[in-house]
Amino acid sequence: EQSWLEFALTPNHNFRGGVDLIPMGRRNVNHDGNLRDFVFRPYSSGTLIPTTWFESGLSFNGDLPANLSYNIGVSNGMGPAAAADTGTRGEFESMVGRDLAGGDNNNSKAVYGRLAWSPVLGTEIGLSGYNSNYSGDQSITYSVLDFNTIQGPLEFTGEYINIDKDQQSSVGLKGASGGNIEAAYHFFPELLRDSFLARGFDNPTFTALARYEQLNYDEPSSATTELDESYTSVGFNYRPIEQVAFKFSYDMQSLDDDSATENDRFGYGMVIGF
């Protein structure tokens, strides 16, 4: 998903070319299992932002005054599958080409960017945008607002996503919006310091988790079912060291369509980062 070469233009500004992650929100860039506390990514990071989202392209990134950082670039646009309007929750995920061979289905490239601001240590607020033609002269635009803040043992992360799509058929989705907010409490009881859970480790950590997300779809005129959905998730993990985690989580689905079957899921994962 990543294969790029970066050249330092100045100490604070870089040029990059190759296959890279599209910086739509913080989760698409920081998506690896060892970097997140839940077993599963948010549903909005699959059906709205198709994590993992990568493309061939060229970009600039770096740091600016006032604790700002940026990433702007040009990449291949939506792949050939984008022309297929499905009118389902998975439509936006199917629109991403992820074409490593450098192909494109029209003459217009995608442009994207993310601007991040860190007002204080441990807090980041980001604003991202993306625009591409996906079929002829029909275009799709993403806007994402995200944040992350760590206050002592508490950590909060969230994203709001909006998608506007030129839609000429009566079948495909016309857009979508939604987001998620996640709370984490990092701790380790003193009474377990002499147990096998801490023995030999400098800073073992438990994390208790909660997340809520809402996904709203702009259905086509031909739609016969309501697609809007929400999820409530809880989780717990144990990290003997920062790069290793044992995770448990449970996701509860709620559908606006009363006739549809709601599906909950339980997850367990073991991850290691290197």
# chains A, B, ... in the order shown; residues from 1 in each chain; ligands from 1
call {"tool": "closest_atom_pairs", "arguments": {"of": "region 158-199 of chain A", "to": "region 139-154 of chain A", "cutoff": "6 Å", "atoms": "only C-alpha atoms", "output": "CSV"}}
result
residue,atom,partner,partner_atom,distance
A:Gly158,CA,A:Phe147,CA,5.5
A:Glu159,CA,A:Asp146,CA,4.2
A:Tyr160,CA,A:Leu145,CA,5.2
A:Ile161,CA,A:Val144,CA,4.6
A:Asn162,CA,A:Ser143,CA,5.2
A:Ile163,CA,A:Tyr142,CA,4.7
A:Asp164,CA,A:Thr141,CA,5.2
A:Lys165,CA,A:Ile140,CA,4.4
A:Asp166,CA,A:Ser139,CA,5.5
A:Ala184,CA,A:Leu154,CA,5.8
A:Tyr185,CA,A:Leu154,CA,4.8
A:His186,CA,A:Pro153,CA,5.0
call {"tool": "write_last_selection", "arguments": {"atoms": "C-alpha atoms", "output": "PDB file, in the first residue's frame"}}
result
ATOM      1  CA  GLY A 158     -13.222  11.679  16.177  1.00  0.00           C
ATOM      2  CA  GLU A 159     -13.991  12.268  12.516  1.00  0.00           C
ATOM      3  CA  TYR A 160     -16.793  13.912  10.550  1.00  0.00           C
ATOM      4  CA  ILE A 161     -17.035  12.950   6.872  1.00  0.00           C
ATOM      5  CA  ASN A 162     -19.095  14.506   4.077  1.00  0.00           C
ATOM      6  CA  ILE A 163     -19.289  13.195   0.499  1.00  0.00           C
ATOM      7  CA  ASP A 164     -20.868  15.076  -2.425  1.00  0.00           C
ATOM      8  CA  LYS A 165     -21.255  13.130  -5.650  1.00  0.00           C
ATOM      9  CA  ASP A 166     -22.475  14.284  -9.053  1.00  0.00           C
ATOM     10  CA  ALA A 184     -10.174   5.621  25.590  1.00  0.00           C
ATOM     11  CA  TYR A 185      -9.046   5.343  29.206  1.00  0.00           C
ATOM     12  CA  HIS A 186      -5.458   4.086  29.636  1.00  0.00           C
TER      13      HIS A 186
END
call {"tool": "residues_around", "arguments": {"residues": "region 226-238 of chain A", "least_positions_apart": "6", "cutoff": "6 Å", "atoms": "only C-alpha atoms", "output": "ChimeraX atom specification"}}
result
/A:205-217,245-257
call {"tool": "residues_around", "arguments": {"residues": "Arg114 (chain A)", "least_positions_apart": "2", "cutoff": "12 Å", "atoms": "only C-alpha atoms", "output": "ChimeraX atom specification"}}
result
/A:21-26,28-29,59-63,68-73,111-112,116-117,125-130,142-146
call {"tool": "select_by_dssp", "arguments": {"residues": "region 21-67 of chain A", "states": "helix (DSSP H, G or I)", "output": "list in words"}}
result
Gly25, Arg26, Arg27, Asn28, Val29, Gly33, Asn34, Leu35, Ser44, Ser45, Gly46 and Thr47 of chain A
call {"tool": "write_last_selection", "arguments": {"atoms": "all heavy atoms", "output": "compact mmCIF listing (two decimals), in the first residue's frame"}}
result
# COMPACT_ATOMS: atom_id res chain seq x y z
N GLY A 25 -8.59 12.34 6.60
CA GLY A 25 -8.71 12.04 8.02
C GLY A 25 -7.44 11.41 8.55
O GLY A 25 -6.53 11.06 7.80
N ARG A 26 -7.35 11.25 9.85
CA ARG A 26 -6.14 10.69 10.46
C ARG A 26 -6.15 9.17 10.44
O ARG A 26 -5.10 8.54 10.48
CB ARG A 26 -5.98 11.21 11.89
CG ARG A 26 -7.09 10.82 12.85
CD ARG A 26 -6.88 11.39 14.26
NE ARG A 26 -5.69 10.84 14.89
CZ ARG A 26 -4.57 11.52 15.11
NH1 ARG A 26 -4.48 12.78 14.76
NH2 ARG A 26 -3.54 10.94 15.70
N ARG A 27 -7.33 8.54 10.34
CA ARG A 27 -7.36 7.08 10.46
C ARG A 27 -6.88 6.39 9.20
O ARG A 27 -6.37 5.28 9.28
CB ARG A 27 -8.78 6.63 10.82
CG ARG A 27 -9.13 6.86 12.28
CD ARG A 27 -10.32 6.01 12.69
NE ARG A 27 -10.55 6.06 14.12
CZ ARG A 27 -11.42 6.86 14.73
NH1 ARG A 27 -12.13 7.71 14.00
NH2 ARG A 27 -11.59 6.84 16.04
N ASN A 28 -7.05 6.98 8.02
CA ASN A 28 -6.56 6.32 6.82
C ASN A 28 -5.03 6.27 6.81
O ASN A 28 -4.43 5.33 6.30
CB ASN A 28 -7.05 7.02 5.56
CG ASN A 28 -6.76 6.21 4.31
OD1 ASN A 28 -7.18 5.06 4.17
ND2 ASN A 28 -6.00 6.79 3.38
N VAL A 29 -4.39 7.29 7.38
CA VAL A 29 -2.94 7.32 7.44
C VAL A 29 -2.43 6.47 8.60
O VAL A 29 -1.46 5.72 8.47
CB VAL A 29 -2.43 8.77 7.56
CG1 VAL A 29 -0.92 8.81 7.71
CG2 VAL A 29 -2.87 9.58 6.34
N GLY A 33 -2.99 -1.94 12.67
CA GLY A 33 -3.61 -2.53 13.85
C GLY A 33 -2.93 -2.16 15.16
O GLY A 33 -3.58 -2.00 16.19
N ASN A 34 -1.60 -2.03 15.15
CA ASN A 34 -0.91 -1.70 16.40
C ASN A 34 -1.07 -0.24 16.80
O ASN A 34 -0.76 0.14 17.92
CB ASN A 34 0.58 -2.03 16.26
CG ASN A 34 1.27 -1.20 15.19
OD1 ASN A 34 0.91 -1.30 14.01
ND2 ASN A 34 2.24 -0.39 15.57
N LEU A 35 -1.58 0.60 15.89
CA LEU A 35 -1.76 2.02 16.17
C LEU A 35 -3.16 2.35 16.69
O LEU A 35 -3.38 3.47 17.16
CB LEU A 35 -1.49 2.86 14.91
CG LEU A 35 -0.07 2.75 14.33
CD1 LEU A 35 0.03 3.60 13.08
CD2 LEU A 35 0.97 3.17 15.36
N SER A 44 -17.27 3.73 9.35
CA SER A 44 -17.12 4.87 8.44
C SER A 44 -15.75 4.86 7.76
O SER A 44 -15.57 5.49 6.71
CB SER A 44 -17.31 6.18 9.19
OG SER A 44 -16.46 6.26 10.32
N SER A 45 -14.77 4.14 8.32
CA SER A 45 -13.46 4.00 7.69
C SER A 45 -13.43 2.85 6.69
O SER A 45 -12.36 2.39 6.29
CB SER A 45 -12.38 3.78 8.75
OG SER A 45 -12.22 4.92 9.55
N GLY A 46 -14.58 2.36 6.31
CA GLY A 46 -14.67 1.34 5.29
C GLY A 46 -15.71 1.70 4.24
O GLY A 46 -15.44 1.66 3.04
N THR A 47 -16.88 2.11 4.70
CA THR A 47 -17.96 2.40 3.76
C THR A 47 -17.95 3.85 3.26
O THR A 47 -18.42 4.12 2.16
CB THR A 47 -19.33 2.11 4.40
OG1 THR A 47 -19.44 2.83 5.63
CG2 THR A 47 -19.48 0.63 4.68
call {"tool": "atom_distance", "arguments": {"atom1": "CA of Ser108 (chain A)", "atom2": "CA of Leu9 (chain A)"}}
result
27.3 Å
call {"tool": "atom_distance", "arguments": {"atom1": "CA of Glu155 (chain A)", "atom2": "CA of Val39 (chain A)"}}
result
16.7 Å
call {"tool": "atom_distance", "arguments": {"atom1": "CA of Glu6 (chain A)", "atom2": "CA of Arg36 (chain A)"}}
result
25.9 Å
call {"tool": "select_by_dssp", "arguments": {"residues": "region 13-208 of chain A", "states": "strand (DSSP E)", "output": "ChimeraX atom specification"}}
result
/A:13-21,54-64,68-75,110-117,123-135,138-151,154-165,175-187,205-208
call {"tool": "write_last_selection", "arguments": {"atoms": "C-alpha atoms", "output": "mmCIF file, in the first residue's frame"}}
result
data_model
loop_
_atom_site.group_PDB
_atom_site.id
_atom_site.type_symbol
_atom_site.label_atom_id
_atom_site.label_comp_id
_atom_site.auth_asym_id
_atom_site.auth_seq_id
_atom_site.Cartn_x
_atom_site.Cartn_y
_atom_site.Cartn_z
ATOM 1 C CA HIS A 13 9.279 20.846 3.319
ATOM 2 C CA ASN A 14 9.393 17.607 1.322
ATOM 3 C CA PHE A 15 8.480 16.308 -2.124
ATOM 4 C CA ARG A 16 7.181 12.736 -2.432
ATOM 5 C CA GLY A 17 6.387 10.502 -5.383
ATOM 6 C CA GLY A 18 5.075 6.942 -5.660
ATOM 7 C CA VAL A 19 2.262 4.931 -4.126
ATOM 8 C CA ASP A 20 1.048 6.645 -0.974
ATOM 9 C CA LEU A 21 -1.898 6.831 1.418
ATOM 10 C CA PHE A 54 -3.801 4.495 -1.493
ATOM 11 C CA GLU A 55 -2.987 5.735 -4.992
ATOM 12 C CA SER A 56 -0.060 6.542 -7.272
ATOM 13 C CA GLY A 57 0.768 10.239 -7.278
ATOM 14 C CA LEU A 58 2.946 13.201 -6.345
ATOM 15 C CA SER A 59 2.701 15.299 -3.189
ATOM 16 C CA PHE A 60 4.285 17.911 -0.947
ATOM 17 C CA ASN A 61 4.285 17.752 2.850
ATOM 18 C CA GLY A 62 5.880 19.650 5.680
ATOM 19 C CA ASP A 63 5.563 21.981 8.634
ATOM 20 C CA LEU A 64 4.366 25.585 8.726
ATOM 21 C CA LEU A 68 0.597 23.772 11.365
ATOM 22 C CA SER A 69 1.482 20.890 9.038
ATOM 23 C CA TYR A 70 0.277 20.114 5.516
ATOM 24 C CA ASN A 71 0.056 17.414 2.873
ATOM 25 C CA ILE A 72 -1.145 18.312 -0.642
ATOM 26 C CA GLY A 73 -0.970 16.221 -3.775
ATOM 27 C CA VAL A 74 -2.200 14.952 -7.125
ATOM 28 C CA SER A 75 -2.989 11.278 -7.701
ATOM 29 C CA ALA A 110 -7.566 13.731 -8.286
ATOM 30 C CA VAL A 111 -6.376 16.591 -6.068
ATOM 31 C CA TYR A 112 -6.258 16.298 -2.297
ATOM 32 C CA GLY A 113 -4.899 17.929 0.821
ATOM 33 C CA ARG A 114 -4.873 17.877 4.594
ATOM 34 C CA LEU A 115 -4.022 20.742 6.955
ATOM 35 C CA ALA A 116 -3.369 19.870 10.608
ATOM 36 C CA TRP A 117 -3.051 22.169 13.615
ATOM 37 C CA THR A 123 -3.851 17.662 20.528
ATOM 38 C CA GLU A 124 -4.289 17.728 16.747
ATOM 39 C CA ILE A 125 -7.156 19.019 14.600
ATOM 40 C CA GLY A 126 -7.177 18.198 10.887
ATOM 41 C CA LEU A 127 -9.134 19.310 7.827
ATOM 42 C CA SER A 128 -8.946 17.237 4.620
ATOM 43 C CA GLY A 129 -10.370 17.567 1.119
ATOM 44 C CA TYR A 130 -10.397 15.476 -2.063
ATOM 45 C CA ASN A 131 -11.900 15.944 -5.523
ATOM 46 C CA SER A 132 -11.840 13.670 -8.556
ATOM 47 C CA ASN A 133 -13.804 12.930 -11.687
ATOM 48 C CA TYR A 134 -15.109 9.388 -11.444
ATOM 49 C CA SER A 135 -17.032 8.865 -14.680
ATOM 50 C CA GLN A 138 -19.067 13.541 -13.041
ATOM 51 C CA SER A 139 -17.074 14.319 -9.893
ATOM 52 C CA ILE A 140 -16.940 13.328 -6.245
ATOM 53 C CA THR A 141 -15.768 15.521 -3.359
ATOM 54 C CA TYR A 142 -14.734 14.432 0.149
ATOM 55 C CA SER A 143 -14.473 16.758 3.157
ATOM 56 C CA VAL A 144 -13.198 15.438 6.489
ATOM 57 C CA LEU A 145 -12.764 17.102 9.878
ATOM 58 C CA ASP A 146 -10.855 15.068 12.476
ATOM 59 C CA PHE A 147 -9.319 15.493 15.920
ATOM 60 C CA ASN A 148 -7.283 13.660 18.508
ATOM 61 C CA THR A 149 -6.481 14.807 22.034
ATOM 62 C CA ILE A 150 -4.756 13.142 24.961
ATOM 63 C CA GLN A 151 -5.413 14.487 28.447
ATOM 64 C CA LEU A 154 -7.927 9.951 28.678
ATOM 65 C CA GLU A 155 -7.792 10.032 24.889
ATOM 66 C CA PHE A 156 -10.508 11.225 22.490
ATOM 67 C CA THR A 157 -10.565 10.746 18.715
ATOM 68 C CA GLY A 158 -13.222 11.679 16.177
ATOM 69 C CA GLU A 159 -13.991 12.268 12.516
ATOM 70 C CA TYR A 160 -16.793 13.912 10.550
ATOM 71 C CA ILE A 161 -17.035 12.950 6.872
ATOM 72 C CA ASN A 162 -19.095 14.506 4.077
ATOM 73 C CA ILE A 163 -19.289 13.195 0.499
ATOM 74 C CA ASP A 164 -20.868 15.076 -2.425
ATOM 75 C CA LYS A 165 -21.255 13.130 -5.650
ATOM 76 C CA GLY A 175 -23.701 11.466 -1.320
ATOM 77 C CA ALA A 176 -23.254 10.554 2.312
ATOM 78 C CA SER A 177 -22.212 11.978 5.658
ATOM 79 C CA GLY A 178 -21.355 10.655 9.065
ATOM 80 C CA GLY A 179 -18.663 10.231 11.589
ATOM 81 C CA ASN A 180 -17.506 8.704 14.812
ATOM 82 C CA ILE A 181 -16.240 9.660 18.233
ATOM 83 C CA GLU A 182 -14.101 7.390 20.374
ATOM 84 C CA ALA A 183 -13.037 7.596 24.029
ATOM 85 C CA ALA A 184 -10.174 5.621 25.590
ATOM 86 C CA TYR A 185 -9.046 5.343 29.206
ATOM 87 C CA HIS A 186 -5.458 4.086 29.636
ATOM 88 C CA PHE A 187 -4.562 2.639 33.048
ATOM 89 C CA THR A 205 -1.246 -0.693 29.947
ATOM 90 C CA PHE A 206 -4.926 -1.607 29.970
ATOM 91 C CA THR A 207 -7.309 0.454 27.831
ATOM 92 C CA ALA A 208 -11.096 0.643 28.220
#
